[in-house]
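Encoded as structure tokens, the structure appears first; notes follow it.
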Amino acid sequence: MSATSQKPEYELLGLKSHEYDAICEKLGRKPNYVELAVFSLMWSEHCGYKHSRKLLRKLPTQGELILQGPGENAGIIDIGAGQAIAMKIESHNHPSAIEPFQGAATGIGGIVRDIFAMGARPIANLDPLHFGSLQKARQRFLLDGVVSGVASYGNCMGIPTVGGEIHVEDAYEGNCLVNVMCVGLVDQDKILRARAEGPGNLVLLIGSTTGRDGIGGASVLASAEFDETAEEKRPTVQVGDPFMEKKLLEACLEMRDDGLLVALQDLGAAGISSSASEMASRGGVGIDIDISRVPLREAGMEPFEIMISESQERMLAIVTPEMKDAALAVCEKWDLDATEVGQVTDSGHFRVFQGREMIADMPVAALVDDAPAYVVEAVRPAHLAAEPLPEDHYEAPADLNGVLTDLLRSPNICSKHWVYQQYDHMVQTNNALWPGADAAVLRIKGRQSGVALVTDGNGRRCFLDPRRGARAVVAEAARNLSCAGARPVAITNCLNFGNPEKGEIYYQFQEAVEGMAEACLALETPVTGGNVSFYNESFGQAIYPNPVIGMMGIIEDVRLIGTPHFRDEGDVIMLVGGARPAVDGSEYQKIIFGEVAGRIPDVDLERERRLQLLAREAILEGIAKSAHDVSDGGLACCLAESAIIGGKGAEVDISGVWPGGRPDILIFGEAPGLVVLTMEEKNLEYFGQLALDFPTRIIGRVGGRRMVIRMNGEDRVNIPLSGADRAWRTALETMMEGR
Amino acid sequence: MAASSQTEITPVRFGVVVFPGSNCDADSYHAVSTFAGAEPRYLWHKDTHLDGLDCVILPGGFSYGDYLRCGAIARFSPIMKAVRRFAEDGGLVIGICNGFQILLEAGMLPGAMLQNRGLKFICKLVNLRVESNRTPFTGAYETGQVIRLPVAHHEGNYYIGEAGMRELEENNQIIVRYCDEDGAITPKANPNGSLANIAGICNRERNVFGVMPHPERVCDEIIGGADGRGVFESIIGAVAGAGEQADPSSLRSSG
């Protein structure tokens, strides 16, 4: 490589000089431009997992229900009776920060294709979203655009959006997080895999034509930080066509039912390049593609553009020559273009032809398996505290009633109906629980059982302690499922971090992955796949480290599920679990004291297991009339939410629940490992037999029209339920609609 | 309605139209299949015959993507010619959500749909007052009854000119309106700004019914309600009842 005054081509494509040398070595020659373009994408952070691969091996991926772990388009989990769930979560952060509507819409499109590539019919979407302060017009614009984009694509596809989260923190101001999760249902004997097999089999390209949209999206957007040129990157965001994808979905599932497919793969980041080479890699074969056959959206496209175009709504299918006509007939029925563009070979090479001329020849293994893997020297960030804040660090506010209303109004706590009412969350008619509960519960038609789904992420806690934070995220997701009565069985993860080339970011990533691994092992929820999103930085400022997870649980009987709302006057309110609330990293700290500081409490994973088991037992035995996890906003907000949704007040006294302690911190502080159950008095004895020596405590009763929390003989909180209701219910729409 | 004859009763046959982009077709099919006296089958948008059917459902969704006006393309599809003939012969046609929009575009019902007042898609449970049970689609309800069904649409803001409105009212064609829990027709209870809180109307002959809310989504308590069952019970009752009284062709010709 001779250095000239101009930057070499490989550098313009985002490769480092030693990476270029490695490519030359793999090829035994210098790559031509098409090859270099393909390598640059396959070896980008987004496709090649260069900074994450080694650490991700620490995550547990095995389990008796796991039919497919990481490495395919989605993970697959056995739910019995010959059926399975396919699920995956992914990020579309960078495109959404540039163009929120299309960024989010195409995010949905991509993750949905991953699910039906497995042969599964998508039955639910969940979308965890993170933005900067909604006081700022730009952030409201982003939230509005992202929600509209999700709604537009998901609603049109007829896939209910049943869950997700909205988090608002200043750290996401320059780099919002748009994570998208899709869940599908599949008969186990109809599972498809993206494994090209059988030299001589044909490669069909199905769906949209190929255009210049999204050229280099993965490498340009997802593998570098944002700066002042971000606006110029708008053309790298793709435009979605959900109607095309709906037809693509139906056609693919019809071909699946007719047994016409050897393998199926969606075209996502890096387009044909990654789809074809990954399919070949999984099957241990080679693949030839003739780009002169690819239907194009516009004339004059260069070969490399065709190879890396990220035009949406396209699938690659492998069929036998005998099945080709039948497959094409199904596509024609759905008015879809389908074109034979190549074939499977035994060469072990990915070869690209333009008519008869071979224009690229690359070993599949070099593209897919040999991307460099980097380990960066981890540097412990200076802001990490070794100890929690002393109890008297902040002066206790005089008016705790005001604190409660302020917290209920926080976008992280308030009702999200402004968002989920824009999503069709009921289509497919499976919702046994509607949005607003701890988890979404879907029945499986024709069966008594169902599945529960939740997403969870808490960047603020991970920022203060990435290991504890990641442990808490897994524990909370599992606790949410348990509060719905579901047994947690598996997760999919979306790891959102800053620039991993920086030691402090790498440290956060390493700690978070290890923490997640510990919790997943302890709670028996292996990782079935996911996605890593690095370079979430703008102008050098990283987001909070944010491992977001999607978790699935199994419900044995959908008639026996837990719900968060208070039911009847006089029911006993029981606090379960021994954790002690702290101010560190809490919503209380952020909203009232304007700080994010200290050290968050760690989750006791063994206790957590027992807590969740007990909550599930109480629900399945029909004792628990409500179950709700103590989370953002602490015990007070947990009780308030149950009261508001149930339309019933509560009177609670927490004197002596914890030894000593300041009332405001115990009432509003947070710690993983607490659940509130309500039950009838007559069931207390039976519950005691279930709980044994596990910490449980009666703290009050459901009833009245007020929210009252007493401690040491004084009403610390005492407000009318109607006021709490109004604060919680109207906050987000007031912020968004300016009412 | 359950006609308990000793002899084997012919099931009431429903056809669910599948346009490309329909997405409540499977839900409608499933809802129908939960009734003992009913038998659903799918109809493809390119079909041209509706032989042997008692009721056609135009389901919700985004037919042909609805990138133009909702239903504006679907009205030209081959099956709509057959649906129109079927209705003219007295067959029962129910359009739900996108199906209602298609019926409007096809001119089989009067009026038009505008975007929701809030300019956003809206999905939630609403209260509806049954304004007339004198249709084959609402016979199982009481007139004045309040039922809860979900809406899920972006264009449900029904509009019709003054003359058309007068005609709807004179002929008792307004079948369901958005209301509050007590049945009062208030602006606040109106989710989308539709004229006079209209949620569903029928044609003058009363055999074509368009409704924005989704009865097929609330046919089972396990998913949050069963108020929608009445619509299917009504249809089954109307068809089976007519069959008992006379041969089905009389229903068709008399309307």
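Every chain in the structure tokens takes a letter, A first, then B, and so on in the order presented; its residues are numbered from 1, and the ligands are numbered from 1 following the presented order.
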
Inset, instruction - May I have the residues within 9 Å of Ile174 in chain B as JSON, numbers by chain, using only C-alpha atoms and disregarding those fewer than 4 positions away in the same chain? - result: {"B": [130, 131, 132, 168, 169, 198, 199, 200, 201, 202]}

Contacts between chain A and chain B, please, where a residue of chain B counts if it comes within 10 Å (with only C-alpha atoms); show its shortest atom pair and distance in Å to one decimal, rows by chain and ascending number, as JSON lines.
```
{"residue": "B:Phe19", "atom": "CA", "partner": "A:Trp334", "partner_atom": "CA", "distance": 9.9}
{"residue": "B:Pro20", "atom": "CA", "partner": "A:Lys247", "partner_atom": "CA", "distance": 6.5}
{"residue": "B:Gly21", "atom": "CA", "partner": "A:Phe243", "partner_atom": "CA", "distance": 6.0}
{"residue": "B:Ser22", "atom": "CA", "partner": "A:Gly158", "partner_atom": "CA", "distance": 8.1}
{"residue": "B:Asn23", "atom": "CA", "partner": "A:Gly158", "partner_atom": "CA", "distance": 4.9}
{"residue": "B:Cys24", "atom": "CA", "partner": "A:Val427", "partner_atom": "CA", "distance": 6.8}
{"residue": "B:Asp25", "atom": "CA", "partner": "A:Gln428", "partner_atom": "CA", "distance": 9.2}
{"residue": "B:Ala26", "atom": "CA", "partner": "A:Gln428", "partner_atom": "CA", "distance": 7.3}
{"residue": "B:Asp27", "atom": "CA", "partner": "A:Gln428", "partner_atom": "CA", "distance": 5.7}
{"residue": "B:Ser28", "atom": "CA", "partner": "A:Gln428", "partner_atom": "CA", "distance": 9.4}
{"residue": "B:His30", "atom": "CA", "partner": "A:Thr429", "partner_atom": "CA", "distance": 9.2}
{"residue": "B:Ala31", "atom": "CA", "partner": "A:Thr429", "partner_atom": "CA", "distance": 9.2}
{"residue": "B:Lys46", "atom": "CA", "partner": "A:Lys333", "partner_atom": "CA", "distance": 9.7}
{"residue": "B:Gly60", "atom": "CA", "partner": "A:Gly158", "partner_atom": "CA", "distance": 9.4}
{"residue": "B:Gly61", "atom": "CA", "partner": "A:Cys156", "partner_atom": "CA", "distance": 6.7}
{"residue": "B:Phe62", "atom": "CA", "partner": "A:Cys156", "partner_atom": "CA", "distance": 5.8}
{"residue": "B:Ser63", "atom": "CA", "partner": "A:Phe243", "partner_atom": "CA", "distance": 8.4}
{"residue": "B:Tyr64", "atom": "CA", "partner": "A:Phe243", "partner_atom": "CA", "distance": 6.8}
{"residue": "B:Gly65", "atom": "CA", "partner": "A:Phe243", "partner_atom": "CA", "distance": 4.7}
{"residue": "B:Asp66", "atom": "CA", "partner": "A:Phe243", "partner_atom": "CA", "distance": 8.4}
{"residue": "B:Tyr67", "atom": "CA", "partner": "A:Phe243", "partner_atom": "CA", "distance": 8.8}
{"residue": "B:Gly118", "atom": "CA", "partner": "A:Glu737", "partner_atom": "CA", "distance": 9.9}
{"residue": "B:Lys120", "atom": "CA", "partner": "A:Gln422", "partner_atom": "CA", "distance": 6.6}
{"residue": "B:Phe121", "atom": "CA", "partner": "A:Gln422", "partner_atom": "CA", "distance": 4.9}
{"residue": "B:Ile122", "atom": "CA", "partner": "A:Gln422", "partner_atom": "CA", "distance": 4.9}
{"residue": "B:Cys123", "atom": "CA", "partner": "A:Gln421", "partner_atom": "CA", "distance": 4.7}
{"residue": "B:Lys124", "atom": "CA", "partner": "A:Gln421", "partner_atom": "CA", "distance": 6.2}
{"residue": "B:Leu125", "atom": "CA", "partner": "A:Gln421", "partner_atom": "CA", "distance": 9.8}
{"residue": "B:Pro150", "atom": "CA", "partner": "A:Met426", "partner_atom": "CA", "distance": 8.3}
{"residue": "B:Val151", "atom": "CA", "partner": "A:Asp424", "partner_atom": "CA", "distance": 9.1}
{"residue": "B:Ala152", "atom": "CA", "partner": "A:Asp424", "partner_atom": "CA", "distance": 6.0}
{"residue": "B:His153", "atom": "CA", "partner": "A:Asp424", "partner_atom": "CA", "distance": 8.2}
{"residue": "B:His154", "atom": "CA", "partner": "A:Gln422", "partner_atom": "CA", "distance": 8.9}
{"residue": "B:His214", "atom": "CA", "partner": "A:Val427", "partner_atom": "CA", "distance": 9.6}
{"residue": "B:Glu216", "atom": "CA", "partner": "A:Thr429", "partner_atom": "CA", "distance": 8.3}
{"residue": "B:Arg217", "atom": "CA", "partner": "A:Thr429", "partner_atom": "CA", "distance": 5.6}
{"residue": "B:Val218", "atom": "CA", "partner": "A:Thr429", "partner_atom": "CA", "distance": 7.9}
{"residue": "B:Cys219", "atom": "CA", "partner": "A:Thr429", "partner_atom": "CA", "distance": 9.1}
{"residue": "B:Asp220", "atom": "CA", "partner": "A:Thr429", "partner_atom": "CA", "distance": 9.1}
{"residue": "B:Glu221", "atom": "CA", "partner": "A:Ala432", "partner_atom": "CA", "distance": 8.8}
{"residue": "B:Ile222", "atom": "CA", "partner": "A:Ala432", "partner_atom": "CA", "distance": 5.8}
{"residue": "B:Ile223", "atom": "CA", "partner": "A:Ala432", "partner_atom": "CA", "distance": 4.6}
{"residue": "B:Gly224", "atom": "CA", "partner": "A:Ala432", "partner_atom": "CA", "distance": 6.7}
```

Legend entry - range 69-85 of chain B surroundings by only C-alpha atoms, 8 Å radius, close-in-sequence under 3 positions cut, as a PyMOL selection string: chain B and resi 19+44-50+56+62-64+66+88-89+93+98-99+101-103+105-106+108+155

Since we have the selection now, will you write its residues out, keeping N, CA, C and O atoms, as an mmCIF file, in the first residue's frame?
```
data_model
loop_
_atom_site.group_PDB
_atom_site.id
_atom_site.type_symbol
_atom_site.label_atom_id
_atom_site.label_comp_id
_atom_site.auth_asym_id
_atom_site.auth_seq_id
_atom_site.Cartn_x
_atom_site.Cartn_y
_atom_site.Cartn_z
ATOM 1 N N PHE B 19 -57.819 -9.267 0.332
ATOM 2 C CA PHE B 19 -57.112 -8.391 -0.595
ATOM 3 C C PHE B 19 -55.637 -8.460 -0.210
ATOM 4 O O PHE B 19 -55.316 -8.717 0.950
ATOM 5 N N TRP B 44 -60.407 -14.952 -2.539
ATOM 6 C CA TRP B 44 -59.248 -14.222 -3.057
ATOM 7 C C TRP B 44 -59.726 -13.025 -3.871
ATOM 8 O O TRP B 44 -60.749 -13.105 -4.545
ATOM 9 N N HIS B 45 -58.975 -11.943 -3.790
ATOM 10 C CA HIS B 45 -59.443 -10.706 -4.438
ATOM 11 C C HIS B 45 -59.606 -10.827 -5.944
ATOM 12 O O HIS B 45 -60.254 -9.997 -6.563
ATOM 13 N N LYS B 46 -59.023 -11.868 -6.507
ATOM 14 C CA LYS B 46 -59.181 -12.040 -7.948
ATOM 15 C C LYS B 46 -60.349 -12.971 -8.291
ATOM 16 O O LYS B 46 -60.637 -13.200 -9.455
ATOM 17 N N ASP B 47 -61.001 -13.536 -7.248
ATOM 18 C CA ASP B 47 -62.177 -14.393 -7.501
ATOM 19 C C ASP B 47 -63.289 -13.555 -8.126
ATOM 20 O O ASP B 47 -63.401 -12.359 -7.868
ATOM 21 N N THR B 48 -64.128 -14.235 -8.893
ATOM 22 C CA THR B 48 -65.238 -13.501 -9.512
ATOM 23 C C THR B 48 -66.593 -14.115 -9.187
ATOM 24 O O THR B 48 -67.615 -13.630 -9.647
ATOM 25 N N HIS B 49 -66.571 -15.206 -8.393
ATOM 26 C CA HIS B 49 -67.851 -15.843 -8.048
ATOM 27 C C HIS B 49 -67.967 -15.993 -6.536
ATOM 28 O O HIS B 49 -66.990 -16.227 -5.850
ATOM 29 N N LEU B 50 -69.201 -15.860 -6.049
ATOM 30 C CA LEU B 50 -69.442 -15.993 -4.614
ATOM 31 C C LEU B 50 -70.495 -17.065 -4.381
ATOM 32 O O LEU B 50 -71.383 -16.907 -3.545
ATOM 33 N N VAL B 56 -70.807 -12.005 3.085
ATOM 34 C CA VAL B 56 -69.436 -11.669 2.702
ATOM 35 C C VAL B 56 -68.884 -10.662 3.708
ATOM 36 O O VAL B 56 -69.549 -9.673 4.028
ATOM 37 N N PHE B 62 -55.047 -2.931 5.233
ATOM 38 C CA PHE B 62 -54.565 -1.857 4.365
ATOM 39 C C PHE B 62 -54.554 -2.414 2.943
ATOM 40 O O PHE B 62 -53.498 -2.733 2.401
ATOM 41 N N SER B 63 -55.756 -2.580 2.351
ATOM 42 C CA SER B 63 -55.839 -3.211 1.038
ATOM 43 C C SER B 63 -54.963 -2.472 0.030
ATOM 44 O O SER B 63 -55.020 -1.251 -0.056
ATOM 45 N N TYR B 64 -54.176 -3.212 -0.662
ATOM 46 C CA TYR B 64 -53.231 -2.669 -1.660
ATOM 47 C C TYR B 64 -52.352 -1.582 -1.049
ATOM 48 O O TYR B 64 -51.888 -0.673 -1.740
ATOM 49 N N ASP B 66 -53.105 0.876 0.702
ATOM 50 C CA ASP B 66 -53.844 2.118 1.003
ATOM 51 C C ASP B 66 -52.942 3.337 0.969
ATOM 52 O O ASP B 66 -53.088 4.257 1.774
ATOM 53 N N GLU B 88 -76.702 -6.787 -4.488
ATOM 54 C CA GLU B 88 -77.907 -6.432 -5.246
ATOM 55 C C GLU B 88 -78.920 -7.558 -5.232
ATOM 56 O O GLU B 88 -80.136 -7.338 -5.265
ATOM 57 N N ASP B 89 -78.411 -8.790 -5.131
ATOM 58 C CA ASP B 89 -79.296 -9.955 -5.053
ATOM 59 C C ASP B 89 -79.783 -10.202 -3.627
ATOM 60 O O ASP B 89 -80.407 -11.215 -3.346
ATOM 61 N N VAL B 93 -73.619 -8.264 3.274
ATOM 62 C CA VAL B 93 -72.235 -7.811 3.152
ATOM 63 C C VAL B 93 -71.904 -6.944 4.358
ATOM 64 O O VAL B 93 -72.617 -5.983 4.649
ATOM 65 N N ASN B 98 -61.359 -1.171 7.265
ATOM 66 C CA ASN B 98 -60.981 -0.988 5.871
ATOM 67 C C ASN B 98 -62.108 -1.469 4.949
ATOM 68 O O ASN B 98 -62.333 -0.894 3.884
ATOM 69 N N GLY B 99 -62.832 -2.485 5.379
ATOM 70 C CA GLY B 99 -63.968 -2.976 4.590
ATOM 71 C C GLY B 99 -65.053 -1.916 4.452
ATOM 72 O O GLY B 99 -65.665 -1.756 3.383
ATOM 73 N N GLN B 101 -64.444 1.319 4.590
ATOM 74 C CA GLN B 101 -63.866 2.309 3.682
ATOM 75 C C GLN B 101 -64.027 1.874 2.226
ATOM 76 O O GLN B 101 -64.322 2.690 1.347
ATOM 77 N N ILE B 102 -63.857 0.587 1.985
ATOM 78 C CA ILE B 102 -63.993 0.069 0.620
ATOM 79 C C ILE B 102 -65.442 0.202 0.144
ATOM 80 O O ILE B 102 -65.704 0.597 -0.997
ATOM 81 N N LEU B 103 -66.398 -0.106 1.031
ATOM 82 C CA LEU B 103 -67.809 0.005 0.660
ATOM 83 C C LEU B 103 -68.171 1.452 0.298
ATOM 84 O O LEU B 103 -68.957 1.698 -0.611
ATOM 85 N N GLU B 105 -65.966 3.727 -0.864
ATOM 86 C CA GLU B 105 -65.300 4.024 -2.141
ATOM 87 C C GLU B 105 -66.040 3.384 -3.306
ATOM 88 O O GLU B 105 -66.072 3.912 -4.404
ATOM 89 N N ALA B 106 -66.619 2.209 -3.035
ATOM 90 C CA ALA B 106 -67.326 1.488 -4.099
ATOM 91 C C ALA B 106 -68.730 2.049 -4.314
ATOM 92 O O ALA B 106 -69.441 1.608 -5.211
ATOM 93 N N MET B 108 -71.216 1.591 -2.418
ATOM 94 C CA MET B 108 -72.241 0.682 -1.909
ATOM 95 C C MET B 108 -72.857 1.210 -0.613
ATOM 96 O O MET B 108 -73.877 0.711 -0.149
ATOM 97 N N GLU B 155 -58.274 6.569 9.389
ATOM 98 C CA GLU B 155 -59.296 7.298 8.637
ATOM 99 C C GLU B 155 -60.662 6.756 9.020
ATOM 100 O O GLU B 155 -61.193 5.880 8.340
#
```

Inset, instruction - Enumerate the residues of range 25-244 of chain B with a DSSP assignment of alpha helix (DSSP H), computed from the backbone, and present them as an MDAnalysis selection string. - result: chainID B and resid 25:33 78:88 98:105 162:170 229:244

Can I get the selection written as a compact mmCIF listing (two decimals), in the first residue's frame, with N, CA and C atoms?
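Contents of the output file out_32.txt:
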```txt
# COMPACT_ATOMS: atom_id res chain seq x y z
N ASP B 25 -58.25 -10.41 8.06
CA ASP B 25 -58.93 -11.53 7.40
C ASP B 25 -58.89 -12.77 8.30
N ALA B 26 -57.70 -13.06 8.86
CA ALA B 26 -57.60 -14.25 9.71
C ALA B 26 -58.40 -14.09 11.00
N ASP B 27 -58.46 -12.85 11.53
CA ASP B 27 -59.23 -12.61 12.76
C ASP B 27 -60.72 -12.81 12.50
N SER B 28 -61.20 -12.32 11.35
CA SER B 28 -62.61 -12.48 11.01
C SER B 28 -62.93 -13.96 10.81
N TYR B 29 -62.03 -14.63 10.12
CA TYR B 29 -62.20 -16.07 9.87
C TYR B 29 -62.27 -16.82 11.21
N HIS B 30 -61.34 -16.48 12.08
CA HIS B 30 -61.30 -17.15 13.38
C HIS B 30 -62.57 -16.86 14.18
N ALA B 31 -63.00 -15.60 14.18
CA ALA B 31 -64.20 -15.24 14.95
C ALA B 31 -65.39 -16.06 14.45
N VAL B 32 -65.57 -16.12 13.15
CA VAL B 32 -66.70 -16.88 12.59
C VAL B 32 -66.61 -18.35 12.99
N SER B 33 -65.38 -18.87 12.99
CA SER B 33 -65.21 -20.31 13.25
C SER B 33 -65.56 -20.68 14.69
N PRO B 78 -61.28 -7.35 -8.93
CA PRO B 78 -62.28 -8.21 -9.56
C PRO B 78 -63.39 -8.64 -8.60
N ILE B 79 -63.04 -8.95 -7.35
CA ILE B 79 -64.08 -9.50 -6.48
C ILE B 79 -65.15 -8.48 -6.14
N MET B 80 -64.84 -7.21 -6.22
CA MET B 80 -65.83 -6.21 -5.81
C MET B 80 -67.03 -6.17 -6.76
N LYS B 81 -66.79 -6.52 -8.03
CA LYS B 81 -67.92 -6.63 -8.96
C LYS B 81 -68.87 -7.70 -8.46
N ALA B 82 -68.28 -8.82 -8.06
CA ALA B 82 -69.09 -9.95 -7.59
C ALA B 82 -69.79 -9.59 -6.28
N VAL B 83 -69.09 -8.85 -5.42
CA VAL B 83 -69.68 -8.47 -4.13
C VAL B 83 -70.88 -7.54 -4.37
N ARG B 84 -70.72 -6.63 -5.32
CA ARG B 84 -71.82 -5.71 -5.62
C ARG B 84 -73.05 -6.49 -6.14
N ARG B 85 -72.80 -7.45 -7.04
CA ARG B 85 -73.91 -8.26 -7.57
C ARG B 85 -74.57 -9.04 -6.44
N PHE B 86 -73.71 -9.60 -5.59
CA PHE B 86 -74.18 -10.40 -4.45
C PHE B 86 -75.10 -9.55 -3.57
N ALA B 87 -74.69 -8.31 -3.32
CA ALA B 87 -75.51 -7.42 -2.49
C ALA B 87 -76.80 -7.05 -3.20
N GLU B 88 -76.70 -6.79 -4.49
CA GLU B 88 -77.91 -6.43 -5.25
C GLU B 88 -78.92 -7.56 -5.23
N ASN B 98 -61.36 -1.17 7.27
CA ASN B 98 -60.98 -0.99 5.87
C ASN B 98 -62.11 -1.47 4.95
N GLY B 99 -62.83 -2.49 5.38
CA GLY B 99 -63.97 -2.98 4.59
C GLY B 99 -65.05 -1.92 4.45
N PHE B 100 -65.29 -1.16 5.52
CA PHE B 100 -66.25 -0.04 5.48
C PHE B 100 -65.74 1.01 4.49
N GLN B 101 -64.44 1.32 4.59
CA GLN B 101 -63.87 2.31 3.68
C GLN B 101 -64.03 1.87 2.23
N ILE B 102 -63.86 0.59 1.98
CA ILE B 102 -63.99 0.07 0.62
C ILE B 102 -65.44 0.20 0.14
N LEU B 103 -66.40 -0.11 1.03
CA LEU B 103 -67.81 0.00 0.66
C LEU B 103 -68.17 1.45 0.30
N LEU B 104 -67.57 2.39 1.03
CA LEU B 104 -67.81 3.80 0.71
C LEU B 104 -67.21 4.14 -0.66
N GLU B 105 -65.97 3.73 -0.86
CA GLU B 105 -65.30 4.02 -2.14
C GLU B 105 -66.04 3.38 -3.31
N GLU B 162 -75.31 17.26 3.81
CA GLU B 162 -76.57 17.45 4.55
C GLU B 162 -77.70 16.59 4.01
N ALA B 163 -77.85 16.58 2.70
CA ALA B 163 -78.95 15.81 2.11
C ALA B 163 -78.79 14.33 2.42
N GLY B 164 -77.54 13.88 2.29
CA GLY B 164 -77.25 12.47 2.57
C GLY B 164 -77.54 12.13 4.03
N MET B 165 -77.18 13.06 4.90
CA MET B 165 -77.40 12.85 6.32
C MET B 165 -78.89 12.71 6.62
N ARG B 166 -79.65 13.61 5.98
CA ARG B 166 -81.11 13.56 6.18
C ARG B 166 -81.64 12.19 5.77
N GLU B 167 -81.14 11.73 4.65
CA GLU B 167 -81.61 10.45 4.13
C GLU B 167 -81.25 9.30 5.09
N LEU B 168 -80.01 9.34 5.60
CA LEU B 168 -79.60 8.31 6.56
C LEU B 168 -80.55 8.28 7.75
N GLU B 169 -80.85 9.47 8.24
CA GLU B 169 -81.69 9.55 9.43
C GLU B 169 -83.12 9.11 9.14
N GLU B 170 -83.64 9.60 8.00
CA GLU B 170 -85.03 9.26 7.67
C GLU B 170 -85.22 7.76 7.49
N ARG B 229 -69.67 -10.57 19.60
CA ARG B 229 -70.33 -11.82 19.16
C ARG B 229 -71.72 -11.56 18.62
N GLY B 230 -72.36 -10.52 19.17
CA GLY B 230 -73.73 -10.23 18.76
C GLY B 230 -73.86 -10.00 17.26
N VAL B 231 -72.84 -9.41 16.66
CA VAL B 231 -72.90 -9.14 15.23
C VAL B 231 -72.98 -10.46 14.45
N PHE B 232 -72.15 -11.40 14.84
CA PHE B 232 -72.15 -12.68 14.12
C PHE B 232 -73.40 -13.50 14.45
N GLU B 233 -73.81 -13.43 15.72
CA GLU B 233 -75.05 -14.10 16.10
C GLU B 233 -76.22 -13.55 15.29
N SER B 234 -76.23 -12.24 15.12
CA SER B 234 -77.31 -11.61 14.36
C SER B 234 -77.35 -12.14 12.94
N ILE B 235 -76.18 -12.18 12.31
CA ILE B 235 -76.11 -12.62 10.92
C ILE B 235 -76.57 -14.07 10.81
N ILE B 236 -76.06 -14.90 11.72
CA ILE B 236 -76.43 -16.32 11.68
C ILE B 236 -77.92 -16.47 11.92
N GLY B 237 -78.42 -15.69 12.87
CA GLY B 237 -79.85 -15.75 13.16
C GLY B 237 -80.68 -15.30 11.97
N ALA B 238 -80.24 -14.23 11.34
CA ALA B 238 -81.01 -13.69 10.21
C ALA B 238 -81.06 -14.70 9.07
N VAL B 239 -79.90 -15.30 8.77
CA VAL B 239 -79.84 -16.24 7.65
C VAL B 239 -80.59 -17.51 7.99
N ALA B 240 -80.31 -18.06 9.17
CA ALA B 240 -80.94 -19.32 9.55
C ALA B 240 -82.45 -19.11 9.74
N GLY B 241 -82.81 -17.99 10.36
CA GLY B 241 -84.22 -17.69 10.58
C GLY B 241 -84.97 -17.57 9.28
N ALA B 242 -84.35 -16.88 8.33
CA ALA B 242 -84.98 -16.73 7.03
C ALA B 242 -85.14 -18.08 6.36
N GLY B 243 -84.15 -18.92 6.56
CA GLY B 243 -84.19 -20.24 5.95
C GLY B 243 -85.31 -21.09 6.52
N GLU B 244 -85.60 -20.89 7.81
CA GLU B 244 -86.68 -21.67 8.42
C GLU B 244 -88.04 -21.22 7.91
```

Legend entry - Shell of 8 Å around Asp54 in chain B, only C-alpha atoms, local chain residues under 5 positions omitted, as a list in words: Val12, Arg13, Phe14, Gly15, Gly91, Leu92 and Val239 of chain B

Inset, instruction - Return as a PyMOL selection string the full set of residues in range 138-229 of chain B whose backbone-based DSSP assignment is strand (DSSP E). - result: chain B and resi 146-153+157-159+174-179+198-202+208-211

Inset, instruction - One decimal, Å: what's the distance from CA of Gly700 in chain A over to CA of Thr678 in chain A, could you say? - result: 9.4 Å

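Using only C-alpha atoms, the residues found no farther than 8 Å from Leu635 in chain A, other than those of its own chain fewer than 4 positions away, are Val630, Ser631, Leu639, Leu666, Ile667, Phe668, Gly669 and Glu670 of chain A.
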
Legend entry - Separation of CA of Val489 in chain A from CA of Met551 in chain A in Å: 7.6 Å

Inset, instruction - Write out as number ranges by chain the residues lying within 8 Å of range 607-609 of chain A, counting only C-alpha atoms and excluding same-chain residues fewer than 3 positions away. - result: A: 475, 522-523, 577, 603-604, 612-613, 673

Next, dump the selected residues to file, keeping only C-alpha atoms, as an mmCIF file, in the first residue's frame.
```cif
data_model
loop_
_atom_site.group_PDB
_atom_site.id
_atom_site.type_symbol
_atom_site.label_atom_id
_atom_site.label_comp_id
_atom_site.auth_asym_id
_atom_site.auth_seq_id
_atom_site.Cartn_x
_atom_site.Cartn_y
_atom_site.Cartn_z
ATOM 1 C CA ALA A 475 -33.831 -9.536 36.919
ATOM 2 C CA ALA A 522 -28.950 -17.644 37.629
ATOM 3 C CA LEU A 523 -32.442 -17.061 36.285
ATOM 4 C CA GLY A 577 -38.819 -9.345 49.029
ATOM 5 C CA VAL A 603 -29.602 -7.659 42.914
ATOM 6 C CA ASP A 604 -29.398 -10.798 45.006
ATOM 7 C CA GLN A 612 -40.316 -14.656 41.374
ATOM 8 C CA LEU A 613 -41.230 -18.236 42.117
ATOM 9 C CA GLY A 673 -36.105 -7.428 44.313
#
```

Inset, instruction - Fewer than 2 positions away in the same chain doesn't count, so skip those; otherwise give me all residues within 12 Å of Gly633 in chain A, counting only C-alpha atoms, as a ChimeraX atom specification. - result: /A:403-414,581-592,629-631,635-641,664-671
